[in-house]
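target.txt (compact mmCIF, C-alpha atoms) appears below.
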```
# COMPACT_ATOMS: atom_id res chain seq x y z
CA MET Y 996 -31.87 -20.14 34.77
CA SER Y 997 -34.92 -19.23 32.75
CA THR Y 998 -38.33 -20.85 33.26
CA SER Y 999 -41.27 -21.13 30.87
CA PHE Y 1000 -45.01 -21.77 31.09
CA PRO Y 1001 -47.77 -22.39 28.52
CA LEU Y 1002 -49.76 -19.28 27.60
CA ASP Y 1003 -52.88 -20.30 25.65
CA SER Y 1004 -51.39 -21.25 22.24
CA LEU Y 1005 -48.04 -19.65 23.09
CA ARG Y 1006 -45.44 -19.82 25.86
CA VAL Y 1007 -44.00 -17.22 28.23
CA ARG Y 1008 -40.35 -17.57 29.26
CA PHE Y 1009 -38.93 -15.73 32.28
CA ALA Y 1010 -35.40 -14.89 33.37
CA GLY Y 1011 -34.06 -12.45 35.94
CA GLU Y 1012 -30.93 -11.20 37.66
CA THR Y 1013 -29.97 -8.75 40.40
CA ASP Y 1014 -26.65 -7.07 41.18
CA VAL Y 1015 -25.39 -4.75 43.91
CA GLY Y 1016 -23.92 -2.30 41.38
CA ARG Y 1017 -20.64 -0.43 41.76
CA LYS Y 1018 -21.43 2.14 44.44
CA ARG Y 1019 -23.57 0.39 47.07
CA THR Y 1020 -22.32 -1.91 49.81
CA HIS Y 1021 -25.41 -4.15 49.87
CA ASN Y 1022 -28.35 -4.99 47.64
CA GLU Y 1023 -31.78 -3.67 48.66
CA ASP Y 1024 -33.52 -5.03 45.54
CA HIS Y 1025 -35.43 -8.29 45.40
CA LEU Y 1026 -37.03 -10.23 42.59
CA TYR Y 1027 -39.31 -13.22 42.23
CA LEU Y 1028 -39.39 -15.60 39.29
CA PRO Y 1029 -42.32 -18.00 39.00
CA ASP Y 1030 -42.39 -21.60 40.11
CA ASP Y 1031 -46.12 -22.38 39.81
CA GLU Y 1032 -47.84 -19.08 39.01
CA ARG Y 1033 -47.05 -17.21 35.79
CA PHE Y 1034 -46.04 -14.00 37.49
CA ALA Y 1035 -42.86 -12.14 38.38
CA ILE Y 1036 -42.00 -9.30 40.77
CA VAL Y 1037 -39.26 -6.68 41.07
CA ALA Y 1038 -38.92 -4.50 44.19
CA ASP Y 1039 -36.48 -1.74 45.12
CA GLY Y 1040 -36.19 -1.10 48.87
CA MET Y 1041 -35.60 2.27 50.53
CA GLY Y 1042 -34.39 3.14 54.01
CA GLY Y 1043 -31.20 3.33 56.04
CA HIS Y 1044 -29.36 0.58 57.95
CA ALA Y 1045 -30.42 -2.13 55.45
CA SER Y 1046 -34.12 -1.60 56.21
CA GLY Y 1047 -34.73 -1.15 52.47
CA GLU Y 1048 -33.62 -4.73 52.00
CA VAL Y 1049 -36.11 -5.80 54.67
CA ALA Y 1050 -38.92 -3.84 53.02
CA SER Y 1051 -38.37 -5.23 49.52
CA GLN Y 1052 -38.03 -8.82 50.73
CA LEU Y 1053 -41.13 -8.51 52.92
CA ALA Y 1054 -43.13 -7.04 50.04
CA VAL Y 1055 -42.12 -9.74 47.58
CA ASP Y 1056 -42.74 -12.54 50.08
CA SER Y 1057 -46.14 -11.08 51.01
CA VAL Y 1058 -47.38 -10.95 47.41
CA VAL Y 1059 -46.09 -14.45 46.65
CA ASP Y 1060 -47.60 -15.90 49.83
CA PHE Y 1061 -50.94 -14.23 49.07
CA PHE Y 1062 -50.98 -15.64 45.55
CA LYS Y 1063 -50.24 -19.14 46.75
CA ALA Y 1064 -52.76 -18.95 49.59
CA THR Y 1065 -55.57 -17.66 47.34
CA ALA Y 1066 -54.99 -19.88 44.32
CA ASN Y 1067 -58.28 -21.70 44.96
CA GLU Y 1068 -60.03 -19.25 47.29
CA ASN Y 1069 -63.19 -17.29 46.76
CA ALA Y 1070 -62.67 -13.50 46.76
CA MET Y 1071 -65.14 -13.15 49.64
CA THR Y 1072 -62.45 -14.38 52.04
CA TRP Y 1073 -59.78 -11.87 50.93
CA PRO Y 1074 -58.49 -9.29 53.43
CA PHE Y 1075 -59.63 -6.15 51.56
CA LYS Y 1076 -62.80 -5.12 49.79
CA VAL Y 1077 -62.68 -6.04 46.11
CA ASP Y 1078 -63.71 -3.88 43.17
CA ARG Y 1079 -66.66 -5.70 41.60
CA GLY Y 1080 -65.96 -3.86 38.34
CA ASN Y 1081 -62.65 -5.71 37.94
CA ARG Y 1082 -62.13 -9.33 37.00
CA GLN Y 1083 -61.11 -11.50 39.92
CA GLU Y 1084 -57.47 -11.90 38.86
CA VAL Y 1085 -56.99 -8.12 38.70
CA ASN Y 1086 -58.40 -7.84 42.22
CA ARG Y 1087 -56.14 -10.65 43.32
CA LEU Y 1088 -53.02 -8.79 42.18
CA VAL Y 1089 -54.18 -5.45 43.61
CA LEU Y 1090 -55.06 -6.98 46.98
CA GLY Y 1091 -51.77 -8.86 47.15
CA ILE Y 1092 -49.86 -5.61 46.69
CA LYS Y 1093 -52.10 -3.76 49.18
CA LEU Y 1094 -51.48 -6.49 51.75
CA ALA Y 1095 -47.73 -6.20 51.13
CA ASN Y 1096 -47.98 -2.44 51.69
CA LEU Y 1097 -49.75 -2.95 55.01
CA LYS Y 1098 -47.17 -5.48 56.20
CA VAL Y 1099 -44.26 -3.17 55.34
CA PHE Y 1100 -46.01 -0.22 57.00
CA GLU Y 1101 -46.79 -2.18 60.19
CA ALA Y 1102 -43.25 -3.57 60.39
CA ALA Y 1103 -41.89 -0.02 60.15
CA GLN Y 1104 -44.20 1.14 62.95
CA ARG Y 1105 -43.30 -1.74 65.27
CA ASP Y 1106 -39.53 -1.45 65.12
CA GLU Y 1107 -37.73 1.89 65.36
CA LYS Y 1108 -34.79 0.68 63.29
CA PHE Y 1109 -37.18 0.10 60.38
CA HIS Y 1110 -38.99 3.42 60.71
CA GLY Y 1111 -39.40 5.10 57.33
CA MET Y 1112 -38.57 2.03 55.26
CA GLY Y 1113 -40.43 1.42 52.04
CA THR Y 1114 -40.15 -0.22 48.65
CA THR Y 1115 -41.24 0.13 45.07
CA LEU Y 1116 -42.87 -2.85 43.40
CA VAL Y 1117 -43.75 -3.83 39.85
CA SER Y 1118 -45.33 -7.18 39.09
CA MET Y 1119 -46.59 -8.88 35.94
CA TYR Y 1120 -49.16 -11.68 35.94
CA PHE Y 1121 -49.88 -13.61 32.73
CA LEU Y 1122 -53.33 -15.06 32.10
CA ASP Y 1123 -54.24 -16.96 28.93
CA ASP Y 1124 -55.89 -13.92 27.35
CA CYS Y 1125 -53.91 -11.00 28.78
CA ALA Y 1126 -51.12 -9.85 31.07
CA ILE Y 1127 -51.76 -7.68 34.15
CA ILE Y 1128 -49.15 -5.26 35.47
CA GLY Y 1129 -49.43 -4.01 39.07
CA HIS Y 1130 -47.20 -1.11 40.00
CA VAL Y 1131 -46.25 1.26 42.84
CA GLY Y 1132 -43.17 3.50 42.73
CA ASP Y 1133 -40.57 4.08 40.02
CA SER Y 1134 -39.59 0.53 39.15
CA ARG Y 1135 -40.75 0.07 35.59
CA CYS Y 1136 -42.35 -2.26 33.09
CA TYR Y 1137 -41.45 -1.88 29.42
CA ARG Y 1138 -42.85 -3.68 26.39
CA ILE Y 1139 -40.56 -4.40 23.46
CA ARG Y 1140 -42.56 -5.11 20.30
CA ASP Y 1141 -41.00 -5.25 16.85
CA GLN Y 1142 -38.64 -2.27 16.68
CA GLU Y 1143 -40.18 -0.21 19.49
CA ILE Y 1144 -39.82 -0.07 23.26
CA THR Y 1145 -42.70 1.41 25.27
CA GLN Y 1146 -42.73 2.27 28.96
CA ILE Y 1147 -46.04 0.89 30.23
CA THR Y 1148 -45.84 2.10 33.84
CA GLU Y 1149 -45.65 5.70 34.99
CA ASP Y 1150 -43.03 6.64 37.58
CA HIS Y 1151 -44.43 7.74 40.95
CA SER Y 1152 -41.60 10.21 41.44
CA LEU Y 1153 -41.21 13.92 42.09
CA LEU Y 1154 -39.24 14.21 38.86
CA ASN Y 1155 -42.09 12.74 36.83
CA ASP Y 1156 -44.62 15.01 38.58
CA TYR Y 1157 -42.55 18.04 37.62
CA LEU Y 1158 -42.30 16.82 34.02
CA LYS Y 1159 -46.07 16.29 33.82
CA MET Y 1160 -46.69 19.80 35.17
CA LYS Y 1161 -44.18 21.10 32.59
CA ARG Y 1162 -42.09 22.66 35.35
CA LEU Y 1163 -39.01 21.01 33.89
CA THR Y 1164 -37.82 20.47 30.36
CA PRO Y 1165 -36.43 17.03 29.46
CA GLY Y 1166 -33.00 18.65 29.35
CA GLU Y 1167 -33.37 20.03 32.88
CA ALA Y 1168 -34.59 16.68 34.17
CA SER Y 1169 -31.14 15.08 33.92
CA ASN Y 1170 -29.78 17.60 36.43
CA PHE Y 1171 -32.83 17.66 38.73
CA ALA Y 1172 -31.52 17.57 42.31
CA GLN Y 1173 -34.45 15.51 43.67
CA LYS Y 1174 -34.72 12.95 40.90
CA ASN Y 1175 -34.63 10.07 43.41
CA VAL Y 1176 -37.58 11.32 45.50
CA ILE Y 1177 -40.46 8.81 45.35
CA VAL Y 1178 -43.99 10.15 45.93
CA ARG Y 1179 -45.70 6.76 46.19
CA ALA Y 1180 -44.24 3.50 47.53
CA LEU Y 1181 -45.20 0.53 49.68
CA GLY Y 1182 -44.86 1.27 53.39
CA MET Y 1183 -45.21 5.05 53.24
CA LYS Y 1184 -48.84 4.99 54.43
CA GLU Y 1185 -51.28 2.44 55.84
CA SER Y 1186 -53.01 2.18 52.46
CA VAL Y 1187 -51.74 2.59 48.92
CA GLN Y 1188 -53.12 3.13 45.43
CA VAL Y 1189 -52.00 0.44 43.00
CA ASP Y 1190 -51.76 1.28 39.30
CA ILE Y 1191 -52.99 -1.49 37.02
CA PHE Y 1192 -52.28 -1.92 33.31
CA THR Y 1193 -53.52 -4.69 31.03
CA GLU Y 1194 -51.65 -5.89 27.97
CA ALA Y 1195 -52.50 -8.32 25.17
CA PRO Y 1196 -49.19 -10.14 24.56
CA ARG Y 1197 -48.15 -11.05 21.03
CA LEU Y 1198 -45.67 -13.58 19.75
CA GLY Y 1199 -42.17 -12.08 19.99
CA ASP Y 1200 -43.00 -9.50 22.68
CA ILE Y 1201 -40.43 -9.00 25.44
CA PHE Y 1202 -41.53 -7.42 28.71
CA VAL Y 1203 -38.89 -5.83 30.95
CA LEU Y 1204 -39.40 -5.35 34.69
CA CYS Y 1205 -36.59 -3.34 36.27
CA THR Y 1206 -35.50 -1.06 39.08
CA ASP Y 1207 -34.18 2.43 38.44
CA GLY Y 1208 -30.67 1.04 38.83
CA LEU Y 1209 -31.16 -0.21 35.27
CA SER Y 1210 -33.47 2.43 33.75
CA GLY Y 1211 -31.43 5.25 35.31
CA MET Y 1212 -28.21 3.99 33.76
CA LEU Y 1213 -29.39 2.96 30.30
CA ALA Y 1214 -31.47 4.79 27.72
CA ASP Y 1215 -34.64 3.02 26.60
CA ASP Y 1216 -33.09 2.35 23.19
CA GLU Y 1217 -30.13 0.63 24.85
CA ILE Y 1218 -32.46 -1.62 26.86
CA HIS Y 1219 -34.32 -2.43 23.64
CA GLU Y 1220 -31.18 -3.26 21.69
CA ILE Y 1221 -29.65 -5.56 24.32
CA ALA Y 1222 -32.89 -7.38 25.20
CA ARG Y 1223 -33.60 -8.20 21.54
CA ALA Y 1224 -30.04 -9.11 20.61
CA GLU Y 1225 -29.75 -12.23 22.79
CA ALA Y 1226 -31.50 -15.51 22.05
CA GLU Y 1227 -30.93 -16.61 25.67
CA LEU Y 1228 -32.84 -14.52 28.20
CA ASP Y 1229 -30.32 -15.27 30.96
CA LYS Y 1230 -27.58 -13.81 28.79
CA ALA Y 1231 -29.72 -10.76 28.01
CA CYS Y 1232 -30.17 -10.10 31.74
CA GLU Y 1233 -26.42 -10.42 32.31
CA ARG Y 1234 -25.65 -8.02 29.47
CA LEU Y 1235 -28.19 -5.44 30.67
CA ILE Y 1236 -26.67 -5.45 34.16
CA ALA Y 1237 -23.12 -5.29 32.77
CA ALA Y 1238 -24.08 -2.29 30.64
CA ALA Y 1239 -25.66 -0.49 33.62
CA ASN Y 1240 -22.49 -1.11 35.63
CA ALA Y 1241 -20.34 0.08 32.76
CA ASN Y 1242 -22.29 3.35 32.77
CA GLY Y 1243 -21.61 3.89 36.47
CA GLY Y 1244 -23.66 1.32 38.40
CA VAL Y 1245 -24.66 3.96 40.97
CA ASP Y 1246 -27.52 1.87 42.40
CA ASN Y 1247 -28.54 -1.76 42.81
CA ILE Y 1248 -29.61 -3.22 39.46
CA THR Y 1249 -32.44 -5.71 38.97
CA VAL Y 1250 -34.11 -6.90 35.77
CA VAL Y 1251 -36.65 -9.56 34.86
CA LEU Y 1252 -37.40 -10.40 31.22
CA ALA Y 1253 -40.52 -12.19 30.01
CA ARG Y 1254 -40.61 -13.23 26.33
CA ILE Y 1255 -43.60 -14.59 24.39
CA GLU Y 1256 -42.49 -17.60 22.36
CA PRO Y 1257 -44.04 -20.32 20.20
CA LEU Y 1258 -45.47 -23.22 22.20
```

As structure tokens - that is how I would like this structure written.
Amino acid sequence: MSTSFPLDSLRVRFAGETDVGRKRTHNEDHLYLPDDERFAIVADGMGGHASGEVASQLAVDSVVDFFKATANENAMTWPFKVDRGNRQEVNRLVLGIKLANLKVFEAAQRDEKFHGMGTTLVSMYFLDDCAIIGHVGDSRCYRIRDQEITQITEDHSLLNDYLKMKRLTPGEASNFAQKNVIVRALGMKESVQVDIFTEAPRLGDIFVLCTDGLSGMLADDEIHEIARAEAELDKACERLIAAANANGGVDNITVVLARIEPL
């Protein structure tokens, strides 16, 4: 079921869905749709023996708990040093993700069966005047505006590093043997760098948060076409997942849509 919240003179509506896919035996993805706060999260866990599922759930729960606990708190009481050059709500998102990273890392150190677990995370937080995207890993945020789809986040993957260094052509990238290697994720180290992007939403925009189980199975243009074709966001999520499964469904598939609507 979709949910919606006022956004200045507009409204933001959320919907999301997750699916195990066609090749995996269990789902290591997790998502969060808002109840009070206007923010959503998608996380894609990594690690054997279901520890990826533990990592993604722990990360999502940690960010949500931090947001709820700090709703009315002064930044001076937060667990990490804040960047005074950022507005408080940017710091709040960054610190929530950093705290999630530390919790995943410490859990992996405490229990041998969780050693090496980690998770990607992409989150979007809507304020009245902007939207803030916080991101670690290769789960993505797209913006669909008019007839264009734009990837806002940059994948923290070995494949993307090779593409940036021009060591691979786009044609070679599809056959790259290490395309699933992540170079930055929550839980890999005691601390983590969080990428932050700020957007100014417009009426009609659709933002897509997704794991690589979706983006790896569908071209950007396919995501754009399906997300815009459905008036009901729940139906759009179902169709995106069905299309990813139809193309192979080699990984867990998770998608959250956020659409800017009239109030």

- Using all atoms listed in the file, find the one residue out of Y:Arg1223, Y:Lys1018, Y:Lys1184, Y:Arg1254 that sits nearest to Ala1103 of chain Y.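 Smallest distance to Ala1103 of chain Y is found for Y:Lys1184.
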
- Which protein, DNA or RNA residues are at most 10 Å from (-32.3, -4.6, 38.3) in the file's coordinates when you count all atoms listed in the file, listed as a ChimeraX atom specification? /Y:1011-1016,1024-1026,1037-1039,1134,1203-1210,1232,1235-1236,1239,1246-1251

- Quick one: pull the distance between atom CA of Thr1115 of chain Y and atom CA of Phe1192 of chain Y, Å, one decimal.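 These atoms are spaced 16.3 Å apart.
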
- Message: Which residues are near Ser999 of chain Y? Cut-off 8 Å, all atoms listed in the file, ignore same chain within fewer than 2 positions. Put them as a ChimeraX atom specification.
- Response: /Y:997,1001,1006-1009

- Query: What lies within 10 Å of Phe1062 of chain Y using all atoms listed in the file, ignoring chain neighbours under 4 positions off, as a PyMOL selection string?
  - Reply: chain Y and resi 1032+1034+1056-1058+1066-1068+1087-1088+1090-1091

- Gap from atom CA of Glu1194 of chain Y to atom CA of Ile1092 of chain Y - Å, one decimal: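 Computed distance, atom CA of Glu1194 of chain Y to atom CA of Ile1092 of chain Y, equals 18.8 Å.
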
- atom CA of Ala1231 of chain Y and atom CA of Cys1125 of chain Y, how far apart in Å? 24.2 Å
